[in-house]
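Just target_16.cif here, mmCIF, N, CA and C atoms:
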```
data_protein
loop_
_atom_site.label_atom_id
_atom_site.label_comp_id
_atom_site.auth_asym_id
_atom_site.auth_seq_id
_atom_site.Cartn_x
_atom_site.Cartn_y
_atom_site.Cartn_z
N MET A 1379 92.00 66.46 -99.65
CA MET A 1379 92.65 67.43 -100.51
C MET A 1379 92.51 66.96 -101.96
N ILE A 1380 92.45 67.94 -102.86
CA ILE A 1380 92.32 67.60 -104.28
C ILE A 1380 93.55 68.05 -105.06
N VAL A 1381 93.67 67.54 -106.27
CA VAL A 1381 94.83 67.80 -107.13
C VAL A 1381 95.02 69.30 -107.36
N ARG A 1382 93.95 70.02 -107.59
CA ARG A 1382 94.04 71.47 -107.86
C ARG A 1382 94.79 72.19 -106.72
N SER A 1383 94.51 71.80 -105.49
CA SER A 1383 95.17 72.42 -104.33
C SER A 1383 96.67 72.14 -104.33
N VAL A 1384 97.04 70.93 -104.69
CA VAL A 1384 98.46 70.57 -104.74
C VAL A 1384 99.17 71.35 -105.84
N LEU A 1385 98.53 71.48 -106.99
CA LEU A 1385 99.14 72.23 -108.09
C LEU A 1385 99.38 73.68 -107.71
N LYS A 1386 98.45 74.27 -106.95
CA LYS A 1386 98.60 75.67 -106.53
C LYS A 1386 99.78 75.85 -105.57
N GLN A 1387 100.09 74.81 -104.81
CA GLN A 1387 101.17 74.89 -103.83
C GLN A 1387 102.55 74.63 -104.44
N LYS A 1388 102.58 74.06 -105.65
CA LYS A 1388 103.87 73.77 -106.27
C LYS A 1388 104.52 75.08 -106.70
N PRO A 1389 105.81 75.24 -106.39
CA PRO A 1389 106.49 76.50 -106.73
C PRO A 1389 106.58 76.72 -108.25
N ASN A 1390 106.70 75.63 -109.00
CA ASN A 1390 106.81 75.74 -110.44
C ASN A 1390 105.94 74.65 -111.06
N ASN A 1391 104.86 75.05 -111.68
CA ASN A 1391 103.95 74.07 -112.26
C ASN A 1391 104.21 73.86 -113.75
N ASP A 1392 105.42 74.18 -114.17
CA ASP A 1392 105.82 73.99 -115.55
C ASP A 1392 106.01 72.50 -115.80
N VAL A 1393 105.29 71.96 -116.76
CA VAL A 1393 105.39 70.53 -117.07
C VAL A 1393 106.46 70.34 -118.13
N ALA A 1394 107.44 69.51 -117.81
CA ALA A 1394 108.50 69.21 -118.77
C ALA A 1394 107.95 68.26 -119.83
N THR A 1395 108.13 68.64 -121.09
CA THR A 1395 107.59 67.83 -122.18
C THR A 1395 108.68 67.45 -123.17
N ALA A 1396 108.33 66.48 -124.00
CA ALA A 1396 109.19 66.03 -125.08
C ALA A 1396 108.30 65.72 -126.27
N THR A 1397 108.92 65.52 -127.40
CA THR A 1397 108.18 65.07 -128.58
C THR A 1397 108.61 63.64 -128.88
N ALA A 1398 107.77 62.93 -129.59
CA ALA A 1398 108.04 61.53 -129.88
C ALA A 1398 109.28 61.34 -130.75
N ASP A 1399 109.60 62.32 -131.57
CA ASP A 1399 110.76 62.19 -132.45
C ASP A 1399 112.06 62.73 -131.83
N MET A 1400 112.00 63.16 -130.59
CA MET A 1400 113.20 63.62 -129.88
C MET A 1400 114.13 62.44 -129.61
N PRO A 1401 115.43 62.60 -129.79
CA PRO A 1401 116.36 61.52 -129.44
C PRO A 1401 116.30 61.21 -127.94
N VAL A 1402 116.38 59.95 -127.59
CA VAL A 1402 116.35 59.53 -126.19
C VAL A 1402 117.49 60.19 -125.41
N GLU A 1403 118.63 60.34 -126.04
CA GLU A 1403 119.77 60.97 -125.37
C GLU A 1403 119.41 62.40 -124.93
N GLU A 1404 118.73 63.14 -125.77
CA GLU A 1404 118.31 64.50 -125.43
C GLU A 1404 117.28 64.49 -124.30
N ALA A 1405 116.37 63.55 -124.35
CA ALA A 1405 115.36 63.42 -123.30
C ALA A 1405 116.03 63.07 -121.96
N ALA A 1406 116.99 62.17 -122.00
CA ALA A 1406 117.70 61.78 -120.78
C ALA A 1406 118.44 62.97 -120.18
N LYS A 1407 119.02 63.79 -121.03
CA LYS A 1407 119.70 65.00 -120.54
C LYS A 1407 118.70 65.95 -119.89
N ALA A 1408 117.53 66.08 -120.50
CA ALA A 1408 116.50 66.95 -119.92
C ALA A 1408 116.09 66.44 -118.54
N LEU A 1409 115.91 65.13 -118.41
CA LEU A 1409 115.57 64.55 -117.11
C LEU A 1409 116.66 64.85 -116.09
N HIS A 1410 117.91 64.67 -116.49
CA HIS A 1410 119.02 64.87 -115.58
C HIS A 1410 119.14 66.34 -115.15
N PHE A 1411 119.18 67.24 -116.11
CA PHE A 1411 119.41 68.64 -115.78
C PHE A 1411 118.25 69.30 -115.07
N ARG A 1412 117.04 68.81 -115.31
CA ARG A 1412 115.87 69.36 -114.61
C ARG A 1412 115.62 68.64 -113.29
N ARG A 1413 116.37 67.55 -113.07
CA ARG A 1413 116.25 66.76 -111.85
C ARG A 1413 114.81 66.27 -111.64
N ILE A 1414 114.28 65.66 -112.70
CA ILE A 1414 112.92 65.12 -112.68
C ILE A 1414 112.94 63.66 -113.15
N GLY A 1415 111.83 62.98 -112.99
CA GLY A 1415 111.78 61.56 -113.31
C GLY A 1415 111.01 61.19 -114.56
N ALA A 1416 110.32 62.17 -115.18
CA ALA A 1416 109.53 61.83 -116.36
C ALA A 1416 109.27 63.07 -117.21
N LEU A 1417 109.09 62.83 -118.50
CA LEU A 1417 108.70 63.86 -119.45
C LEU A 1417 107.37 63.45 -120.07
N VAL A 1418 106.44 64.37 -120.15
CA VAL A 1418 105.19 64.10 -120.84
C VAL A 1418 105.45 64.30 -122.33
N VAL A 1419 105.10 63.31 -123.12
CA VAL A 1419 105.32 63.38 -124.56
C VAL A 1419 104.05 63.95 -125.20
N ILE A 1420 104.24 65.04 -125.95
CA ILE A 1420 103.10 65.70 -126.57
C ILE A 1420 103.23 65.65 -128.09
N ASP A 1421 102.06 65.70 -128.76
CA ASP A 1421 102.06 65.72 -130.22
C ASP A 1421 101.97 67.17 -130.71
N ALA A 1422 101.84 67.34 -132.01
CA ALA A 1422 101.81 68.68 -132.61
C ALA A 1422 100.63 69.51 -132.13
N ASP A 1423 99.54 68.85 -131.71
CA ASP A 1423 98.36 69.56 -131.22
C ASP A 1423 98.38 69.76 -129.71
N GLN A 1424 99.52 69.49 -129.08
CA GLN A 1424 99.70 69.63 -127.63
C GLN A 1424 98.87 68.63 -126.83
N HIS A 1425 98.52 67.50 -127.45
CA HIS A 1425 97.83 66.44 -126.73
C HIS A 1425 98.85 65.43 -126.23
N ILE A 1426 98.53 64.74 -125.16
CA ILE A 1426 99.44 63.75 -124.60
C ILE A 1426 99.53 62.54 -125.51
N ALA A 1427 100.76 62.23 -125.93
CA ALA A 1427 101.00 61.07 -126.79
C ALA A 1427 101.66 59.93 -126.01
N GLY A 1428 102.21 60.27 -124.85
CA GLY A 1428 102.89 59.26 -124.04
C GLY A 1428 103.60 59.90 -122.87
N ILE A 1429 104.38 59.10 -122.19
CA ILE A 1429 105.21 59.58 -121.09
C ILE A 1429 106.50 58.79 -121.12
N LEU A 1430 107.60 59.46 -120.90
CA LEU A 1430 108.90 58.81 -120.86
C LEU A 1430 109.50 59.02 -119.48
N SER A 1431 109.71 57.92 -118.78
CA SER A 1431 110.27 58.00 -117.43
C SER A 1431 111.67 57.41 -117.41
N GLU A 1432 112.35 57.65 -116.32
CA GLU A 1432 113.67 57.04 -116.13
C GLU A 1432 113.55 55.53 -116.23
N ARG A 1433 112.48 54.99 -115.70
CA ARG A 1433 112.24 53.55 -115.74
C ARG A 1433 112.13 53.05 -117.19
N ASP A 1434 111.48 53.83 -118.06
CA ASP A 1434 111.38 53.46 -119.47
C ASP A 1434 112.77 53.41 -120.12
N ILE A 1435 113.61 54.35 -119.78
CA ILE A 1435 114.96 54.38 -120.35
C ILE A 1435 115.78 53.20 -119.86
N VAL A 1436 115.69 52.88 -118.59
CA VAL A 1436 116.41 51.72 -118.05
C VAL A 1436 115.92 50.43 -118.71
N ARG A 1437 114.59 50.31 -118.86
CA ARG A 1437 114.04 49.14 -119.54
C ARG A 1437 114.57 49.07 -120.98
N GLY A 1438 114.63 50.20 -121.65
CA GLY A 1438 115.14 50.25 -123.02
C GLY A 1438 116.59 49.84 -123.09
N MET A 1439 117.38 50.25 -122.11
CA MET A 1439 118.79 49.85 -122.08
C MET A 1439 118.91 48.34 -121.95
N ALA A 1440 118.07 47.77 -121.11
CA ALA A 1440 118.12 46.31 -120.91
C ALA A 1440 117.69 45.57 -122.18
N LEU A 1441 116.70 46.09 -122.87
CA LEU A 1441 116.18 45.42 -124.06
C LEU A 1441 117.01 45.66 -125.32
N HIS A 1442 117.78 46.75 -125.33
CA HIS A 1442 118.56 47.11 -126.52
C HIS A 1442 120.07 47.06 -126.27
N ASN A 1443 120.47 46.23 -125.31
CA ASN A 1443 121.89 46.06 -124.99
C ASN A 1443 122.61 47.38 -124.74
N GLY A 1444 121.94 48.27 -124.05
CA GLY A 1444 122.54 49.55 -123.68
C GLY A 1444 122.58 50.56 -124.80
N LYS A 1445 122.12 50.23 -125.98
CA LYS A 1445 122.21 51.11 -127.15
C LYS A 1445 120.93 51.92 -127.33
N VAL A 1446 120.69 52.86 -126.46
CA VAL A 1446 119.49 53.67 -126.59
C VAL A 1446 119.79 55.04 -127.19
N ASP A 1447 121.07 55.35 -127.38
CA ASP A 1447 121.43 56.67 -127.87
C ASP A 1447 120.96 56.94 -129.30
N THR A 1448 120.67 55.92 -130.05
CA THR A 1448 120.19 56.10 -131.43
C THR A 1448 118.66 56.01 -131.52
N LEU A 1449 118.01 55.74 -130.41
CA LEU A 1449 116.56 55.58 -130.41
C LEU A 1449 115.86 56.93 -130.22
N LYS A 1450 114.60 56.96 -130.60
CA LYS A 1450 113.75 58.13 -130.40
C LYS A 1450 112.86 57.88 -129.18
N VAL A 1451 112.35 58.94 -128.62
CA VAL A 1451 111.46 58.84 -127.46
C VAL A 1451 110.31 57.87 -127.75
N ARG A 1452 109.76 57.91 -128.96
CA ARG A 1452 108.62 57.02 -129.30
C ARG A 1452 108.98 55.55 -129.14
N ASP A 1453 110.27 55.21 -129.25
CA ASP A 1453 110.69 53.82 -129.14
C ASP A 1453 110.64 53.29 -127.71
N LEU A 1454 110.68 54.19 -126.74
CA LEU A 1454 110.74 53.77 -125.34
C LEU A 1454 109.58 54.27 -124.48
N MET A 1455 108.86 55.28 -124.96
CA MET A 1455 107.82 55.88 -124.12
C MET A 1455 106.67 54.90 -123.85
N THR A 1456 105.98 55.18 -122.78
CA THR A 1456 104.75 54.46 -122.47
C THR A 1456 103.63 55.22 -123.16
N SER A 1457 102.93 54.54 -124.07
CA SER A 1457 101.89 55.21 -124.87
C SER A 1457 100.55 55.30 -124.14
N SER A 1458 100.27 54.34 -123.30
CA SER A 1458 99.02 54.33 -122.56
C SER A 1458 99.23 55.09 -121.25
N VAL A 1459 98.88 56.36 -121.26
CA VAL A 1459 99.19 57.23 -120.13
C VAL A 1459 97.98 57.38 -119.22
N LEU A 1460 98.20 57.10 -117.95
CA LEU A 1460 97.18 57.36 -116.94
C LEU A 1460 97.23 58.84 -116.61
N VAL A 1461 96.09 59.48 -116.53
CA VAL A 1461 96.03 60.90 -116.20
C VAL A 1461 95.05 61.11 -115.05
N CYS A 1462 95.08 62.31 -114.51
CA CYS A 1462 94.11 62.67 -113.48
C CYS A 1462 93.53 64.03 -113.83
N LYS A 1463 92.53 64.42 -113.07
CA LYS A 1463 91.85 65.70 -113.28
C LYS A 1463 92.06 66.57 -112.03
N PRO A 1464 91.97 67.89 -112.20
CA PRO A 1464 92.20 68.79 -111.06
C PRO A 1464 91.30 68.54 -109.86
N ASP A 1465 90.11 67.99 -110.08
CA ASP A 1465 89.19 67.77 -108.96
C ASP A 1465 89.29 66.37 -108.35
N ASP A 1466 90.23 65.55 -108.82
CA ASP A 1466 90.44 64.23 -108.24
C ASP A 1466 91.04 64.37 -106.84
N SER A 1467 90.69 63.45 -105.98
CA SER A 1467 91.23 63.48 -104.61
C SER A 1467 92.59 62.81 -104.56
N LEU A 1468 93.38 63.22 -103.58
CA LEU A 1468 94.70 62.60 -103.41
C LEU A 1468 94.56 61.14 -103.01
N GLU A 1469 93.49 60.79 -102.31
CA GLU A 1469 93.26 59.40 -101.94
C GLU A 1469 93.09 58.55 -103.21
N THR A 1470 92.37 59.07 -104.18
CA THR A 1470 92.20 58.37 -105.45
C THR A 1470 93.55 58.21 -106.14
N LEU A 1471 94.34 59.27 -106.17
CA LEU A 1471 95.65 59.22 -106.82
C LEU A 1471 96.57 58.22 -106.14
N MET A 1472 96.51 58.18 -104.81
CA MET A 1472 97.36 57.22 -104.10
C MET A 1472 97.02 55.81 -104.51
N GLY A 1473 95.74 55.51 -104.64
CA GLY A 1473 95.32 54.18 -105.07
C GLY A 1473 95.80 53.87 -106.48
N VAL A 1474 95.63 54.81 -107.39
CA VAL A 1474 96.07 54.61 -108.78
C VAL A 1474 97.59 54.42 -108.83
N MET A 1475 98.32 55.30 -108.16
CA MET A 1475 99.78 55.22 -108.20
C MET A 1475 100.29 53.91 -107.60
N THR A 1476 99.66 53.47 -106.53
CA THR A 1476 100.08 52.23 -105.88
C THR A 1476 99.71 51.02 -106.72
N ASN A 1477 98.48 50.96 -107.16
CA ASN A 1477 98.01 49.78 -107.90
C ASN A 1477 98.61 49.66 -109.29
N LYS A 1478 98.84 50.79 -109.94
CA LYS A 1478 99.38 50.77 -111.31
C LYS A 1478 100.89 50.95 -111.34
N ARG A 1479 101.48 51.18 -110.18
CA ARG A 1479 102.93 51.33 -110.04
C ARG A 1479 103.48 52.45 -110.93
N VAL A 1480 102.85 53.61 -110.82
CA VAL A 1480 103.31 54.80 -111.53
C VAL A 1480 103.66 55.88 -110.53
N ARG A 1481 104.58 56.74 -110.92
CA ARG A 1481 105.04 57.80 -110.02
C ARG A 1481 104.66 59.19 -110.51
N HIS A 1482 104.15 59.26 -111.74
CA HIS A 1482 103.81 60.55 -112.35
C HIS A 1482 102.46 60.46 -113.03
N LEU A 1483 101.59 61.42 -112.73
CA LEU A 1483 100.28 61.49 -113.38
C LEU A 1483 100.08 62.89 -113.96
N PRO A 1484 100.05 62.98 -115.29
CA PRO A 1484 99.72 64.28 -115.90
C PRO A 1484 98.31 64.69 -115.49
N VAL A 1485 98.12 65.98 -115.31
CA VAL A 1485 96.82 66.52 -114.94
C VAL A 1485 96.21 67.15 -116.19
N VAL A 1486 95.01 66.71 -116.53
CA VAL A 1486 94.35 67.16 -117.75
C VAL A 1486 93.01 67.80 -117.41
N GLU A 1487 92.77 68.97 -118.01
CA GLU A 1487 91.48 69.65 -117.85
C GLU A 1487 91.06 70.17 -119.22
N ASP A 1488 89.86 69.83 -119.64
CA ASP A 1488 89.35 70.22 -120.96
C ASP A 1488 90.32 69.81 -122.07
N ASP A 1489 90.82 68.58 -121.98
CA ASP A 1489 91.76 68.02 -122.95
C ASP A 1489 93.08 68.77 -123.05
N LYS A 1490 93.41 69.57 -122.03
CA LYS A 1490 94.67 70.30 -122.02
C LYS A 1490 95.52 69.83 -120.84
N LEU A 1491 96.82 69.73 -121.07
CA LEU A 1491 97.77 69.40 -120.02
C LEU A 1491 97.95 70.64 -119.14
N VAL A 1492 97.57 70.53 -117.86
CA VAL A 1492 97.64 71.69 -116.97
C VAL A 1492 98.64 71.50 -115.83
N GLY A 1493 99.22 70.33 -115.73
CA GLY A 1493 100.18 70.10 -114.66
C GLY A 1493 100.56 68.64 -114.59
N ILE A 1494 101.35 68.33 -113.58
CA ILE A 1494 101.73 66.94 -113.34
C ILE A 1494 101.83 66.75 -111.83
N ILE A 1495 101.36 65.62 -111.37
CA ILE A 1495 101.43 65.27 -109.95
C ILE A 1495 102.36 64.07 -109.82
N THR A 1496 103.31 64.18 -108.91
CA THR A 1496 104.24 63.09 -108.67
C THR A 1496 103.93 62.44 -107.34
N ILE A 1497 104.50 61.27 -107.14
CA ILE A 1497 104.32 60.59 -105.86
C ILE A 1497 104.88 61.46 -104.73
N GLY A 1498 105.94 62.20 -105.02
CA GLY A 1498 106.51 63.12 -104.02
C GLY A 1498 105.54 64.22 -103.63
N ASP A 1499 104.80 64.73 -104.62
CA ASP A 1499 103.78 65.75 -104.33
C ASP A 1499 102.71 65.20 -103.40
N VAL A 1500 102.29 63.97 -103.67
CA VAL A 1500 101.24 63.33 -102.86
C VAL A 1500 101.74 63.11 -101.43
N VAL A 1501 102.95 62.60 -101.29
CA VAL A 1501 103.51 62.35 -99.96
C VAL A 1501 103.65 63.66 -99.19
N LYS A 1502 104.16 64.71 -99.85
CA LYS A 1502 104.32 66.00 -99.19
C LYS A 1502 102.97 66.54 -98.72
N ALA A 1503 101.97 66.47 -99.57
CA ALA A 1503 100.64 66.96 -99.20
C ALA A 1503 100.08 66.18 -98.01
N ARG A 1504 100.27 64.89 -98.01
CA ARG A 1504 99.77 64.06 -96.90
C ARG A 1504 100.52 64.39 -95.60
N LEU A 1505 101.83 64.58 -95.69
CA LEU A 1505 102.61 64.94 -94.50
C LEU A 1505 102.22 66.31 -93.97
N ASP A 1506 102.02 67.27 -94.88
CA ASP A 1506 101.59 68.60 -94.47
C ASP A 1506 100.23 68.54 -93.77
N ASP A 1507 99.33 67.74 -94.31
CA ASP A 1507 98.00 67.58 -93.72
C ASP A 1507 98.10 66.93 -92.33
N ALA A 1508 98.92 65.90 -92.22
CA ALA A 1508 99.09 65.23 -90.92
C ALA A 1508 99.71 66.18 -89.90
N THR A 1509 100.68 66.97 -90.31
CA THR A 1509 101.32 67.93 -89.42
C THR A 1509 100.30 68.97 -88.93
N MET A 1510 99.47 69.44 -89.86
CA MET A 1510 98.45 70.41 -89.49
C MET A 1510 97.46 69.82 -88.49
N GLN A 1511 97.07 68.57 -88.68
CA GLN A 1511 96.15 67.91 -87.76
C GLN A 1511 96.77 67.76 -86.38
N VAL A 1512 98.03 67.35 -86.33
CA VAL A 1512 98.72 67.19 -85.05
C VAL A 1512 98.82 68.53 -84.34
N ASP A 1513 99.19 69.58 -85.08
CA ASP A 1513 99.29 70.91 -84.48
C ASP A 1513 97.95 71.39 -83.95
N SER A 1514 96.88 71.13 -84.71
CA SER A 1514 95.54 71.53 -84.27
C SER A 1514 95.13 70.79 -83.01
N LEU A 1515 95.40 69.49 -82.96
CA LEU A 1515 95.07 68.71 -81.76
C LEU A 1515 95.90 69.17 -80.57
N ARG A 1516 97.16 69.46 -80.79
CA ARG A 1516 98.03 69.93 -79.71
C ARG A 1516 97.50 71.26 -79.16
N ASP A 1517 97.14 72.17 -80.06
CA ASP A 1517 96.59 73.46 -79.63
C ASP A 1517 95.29 73.28 -78.85
N TYR A 1518 94.46 72.36 -79.32
CA TYR A 1518 93.19 72.09 -78.66
C TYR A 1518 93.42 71.57 -77.24
N VAL A 1519 94.32 70.63 -77.10
CA VAL A 1519 94.61 70.05 -75.79
C VAL A 1519 95.21 71.11 -74.87
N MET A 1520 96.11 71.93 -75.38
CA MET A 1520 96.77 72.94 -74.56
C MET A 1520 95.79 74.02 -74.09
N THR A 1521 94.84 74.38 -74.91
CA THR A 1521 93.88 75.42 -74.52
C THR A 1521 92.73 74.88 -73.69
N ALA A 1522 92.56 73.57 -73.66
CA ALA A 1522 91.47 72.95 -72.90
C ALA A 1522 91.81 72.84 -71.42
N ARG A 1523 93.02 73.11 -71.06
CA ARG A 1523 93.43 72.96 -69.66
C ARG A 1523 92.86 73.98 -68.77
#
```

As a first step, turn the structure in this file into structure tokens.
Amino acid sequence: MIVRSVLKQKPNNDVATATADMPVEEAAKALHFRRIGALVVIDADQHIAGILSERDIVRGMALHNGKVDTLKVRDLMTSSVLVCKPDDSLETLMGVMTNKRVRHLPVVEDDKLVGIITIGDVVKARLDDATMQVDSLRDYVMTAR
């Protein structure tokens, strides 16, 4: 299965974004109320400038003695963002996510942000695929009798 297929199956492919000058407190509220784990940080030209995850905020709290409410997203975001393309395979993404210890990969096509794939999306797709294979094998065995 490829990334494009997973994006088509997502009920809402709206990517939550932030700007680098947004207060961390506002970004944290966006994460909480949207019930998501990361915001893609975009610049004025809509290009990816970074990513801010819950993990980045927790790290910031540890490094700044809990005082992140006065910081901006740029102070805590990860600037070196790993991305994927719509034609990448889920097997490739699993390797990247596991080896690089990331849970969110923005999807980029023609230098445009077109979606985001999470570790949950990958697991769901793999489980759906496994379920389909089991059902197909069960049907095959039942009709072969």

Which of A:Gly1498, A:Leu1460, A:Ala1406, A:Val1486 sits closest to Ile1435 in chain A [using only C-alpha atoms]: A:Ala1406

Sorted per-residue table, range 1441-1505 of chain A near range 1421-1429 of chain A, closest atoms and distance, 6.5 Å, only N, CA and C atoms, as JSON lines:
```
{"residue": "A:Leu1454", "atom": "C", "partner": "A:Ile1429", "partner_atom": "C", "distance": 6.4}
{"residue": "A:Met1455", "atom": "CA", "partner": "A:Ile1429", "partner_atom": "C", "distance": 4.4}
{"residue": "A:Thr1456", "atom": "N", "partner": "A:Ile1429", "partner_atom": "C", "distance": 4.0}
{"residue": "A:Ser1457", "atom": "CA", "partner": "A:Gly1428", "partner_atom": "CA", "distance": 4.3}
{"residue": "A:Ser1458", "atom": "N", "partner": "A:Gly1428", "partner_atom": "CA", "distance": 5.6}
{"residue": "A:Val1459", "atom": "N", "partner": "A:Gly1428", "partner_atom": "CA", "distance": 5.7}
{"residue": "A:Asp1489", "atom": "C", "partner": "A:His1425", "partner_atom": "CA", "distance": 6.4}
{"residue": "A:Leu1491", "atom": "N", "partner": "A:Gln1424", "partner_atom": "C", "distance": 6.2}
```

What do you get, as a CSV table (one decimal) with N, CA and C atoms, in the frame of the given file, if you spell out every residue that the PyMOL selection byres (((chain A and resi 1468-1476 and name CA) around 10) and name CA) selects here?
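Listing of out-v8.csv after writing:
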```csv
chain,number,residue,atom,x,y,z
A,1379,MET,N,92.0,66.5,-99.6
A,1379,MET,CA,92.6,67.4,-100.5
A,1379,MET,C,92.5,67.0,-102.0
A,1380,ILE,N,92.4,67.9,-102.9
A,1380,ILE,CA,92.3,67.6,-104.3
A,1380,ILE,C,93.6,68.0,-105.1
A,1381,VAL,N,93.7,67.5,-106.3
A,1381,VAL,CA,94.8,67.8,-107.1
A,1381,VAL,C,95.0,69.3,-107.4
A,1382,ARG,N,94.0,70.0,-107.6
A,1382,ARG,CA,94.0,71.5,-107.9
A,1382,ARG,C,94.8,72.2,-106.7
A,1383,SER,N,94.5,71.8,-105.5
A,1383,SER,CA,95.2,72.4,-104.3
A,1383,SER,C,96.7,72.1,-104.3
A,1384,VAL,N,97.0,70.9,-104.7
A,1384,VAL,CA,98.5,70.6,-104.7
A,1384,VAL,C,99.2,71.4,-105.8
A,1460,LEU,N,98.2,57.1,-118.0
A,1460,LEU,CA,97.2,57.4,-116.9
A,1460,LEU,C,97.2,58.8,-116.6
A,1461,VAL,N,96.1,59.5,-116.5
A,1461,VAL,CA,96.0,60.9,-116.2
A,1461,VAL,C,95.0,61.1,-115.0
A,1462,CYS,N,95.1,62.3,-114.5
A,1462,CYS,CA,94.1,62.7,-113.5
A,1462,CYS,C,93.5,64.0,-113.8
A,1463,LYS,N,92.5,64.4,-113.1
A,1463,LYS,CA,91.8,65.7,-113.3
A,1463,LYS,C,92.1,66.6,-112.0
A,1465,ASP,N,90.1,68.0,-110.1
A,1465,ASP,CA,89.2,67.8,-109.0
A,1465,ASP,C,89.3,66.4,-108.4
A,1466,ASP,N,90.2,65.6,-108.8
A,1466,ASP,CA,90.4,64.2,-108.2
A,1466,ASP,C,91.0,64.4,-106.8
A,1467,SER,N,90.7,63.4,-106.0
A,1467,SER,CA,91.2,63.5,-104.6
A,1467,SER,C,92.6,62.8,-104.6
A,1477,ASN,N,98.5,51.0,-107.2
A,1477,ASN,CA,98.0,49.8,-107.9
A,1477,ASN,C,98.6,49.7,-109.3
A,1478,LYS,N,98.8,50.8,-109.9
A,1478,LYS,CA,99.4,50.8,-111.3
A,1478,LYS,C,100.9,51.0,-111.3
A,1479,ARG,N,101.5,51.2,-110.2
A,1479,ARG,CA,102.9,51.3,-110.0
A,1479,ARG,C,103.5,52.4,-110.9
A,1480,VAL,N,102.8,53.6,-110.8
A,1480,VAL,CA,103.3,54.8,-111.5
A,1480,VAL,C,103.7,55.9,-110.5
A,1481,ARG,N,104.6,56.7,-110.9
A,1481,ARG,CA,105.0,57.8,-110.0
A,1481,ARG,C,104.7,59.2,-110.5
A,1482,HIS,N,104.2,59.3,-111.7
A,1482,HIS,CA,103.8,60.6,-112.4
A,1482,HIS,C,102.5,60.5,-113.0
A,1483,LEU,N,101.6,61.4,-112.7
A,1483,LEU,CA,100.3,61.5,-113.4
A,1483,LEU,C,100.1,62.9,-114.0
A,1495,ILE,N,101.4,65.6,-111.4
A,1495,ILE,CA,101.4,65.3,-110.0
A,1495,ILE,C,102.4,64.1,-109.8
A,1496,THR,N,103.3,64.2,-108.9
A,1496,THR,CA,104.2,63.1,-108.7
A,1496,THR,C,103.9,62.4,-107.3
A,1497,ILE,N,104.5,61.3,-107.1
A,1497,ILE,CA,104.3,60.6,-105.9
A,1497,ILE,C,104.9,61.5,-104.7
A,1499,ASP,N,104.8,64.7,-104.6
A,1499,ASP,CA,103.8,65.8,-104.3
A,1499,ASP,C,102.7,65.2,-103.4
A,1500,VAL,N,102.3,64.0,-103.7
A,1500,VAL,CA,101.2,63.3,-102.9
A,1500,VAL,C,101.7,63.1,-101.4
A,1501,VAL,N,103.0,62.6,-101.3
A,1501,VAL,CA,103.5,62.4,-100.0
A,1501,VAL,C,103.6,63.7,-99.2
A,1503,ALA,N,102.0,66.5,-99.6
A,1503,ALA,CA,100.6,67.0,-99.2
A,1503,ALA,C,100.1,66.2,-98.0
A,1504,ARG,N,100.3,64.9,-98.0
A,1504,ARG,CA,99.8,64.1,-96.9
A,1504,ARG,C,100.5,64.4,-95.6
```

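Atom C of Arg1452 in chain A is positioned 26.5 Å from atom C of Asn1390 in chain A.
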
Local residues around (113.3, 67.5, -115.1), at most 12 Å away, using only C-alpha atoms, as a VMD selection string: chain A and resid 1390 to 1396 1404 to 1418 1430 to 1432 1494 1496

Filtered DSSP result for range 1393-1523 of chain A, state alpha helix (DSSP H), as a ChimeraX atom specification: /A:1402-1412,1432-1441,1451-1454,1468-1478,1497-1521

Each side padded by 3 Å, which centre and which edge lengths in Å (one decimal) define the axis-aligned box around the listed atoms of range 1441-1459 of chain A? Give them as JSON.
```
{"center_x": 110.3, "center_y": 52.2, "center_z": -125.4, "size_x": 30.6, "size_y": 19.5, "size_z": 18.3}
```

Contacts of Pro1401 in chain A within 5 Å, all atoms listed in the file, excl. fewer than 4 positions in-chain, as JSON, numbers by chain: {"A": [1405, 1449, 1450, 1451]}

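Atom C of Met1400 in chain A lies 21.8 Å from CA of Gly1493 in chain A.
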
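Our summary of the geometry notes that CA of Glu1487 in chain A is positioned 28.1 Å from CA of Val1402 in chain A.
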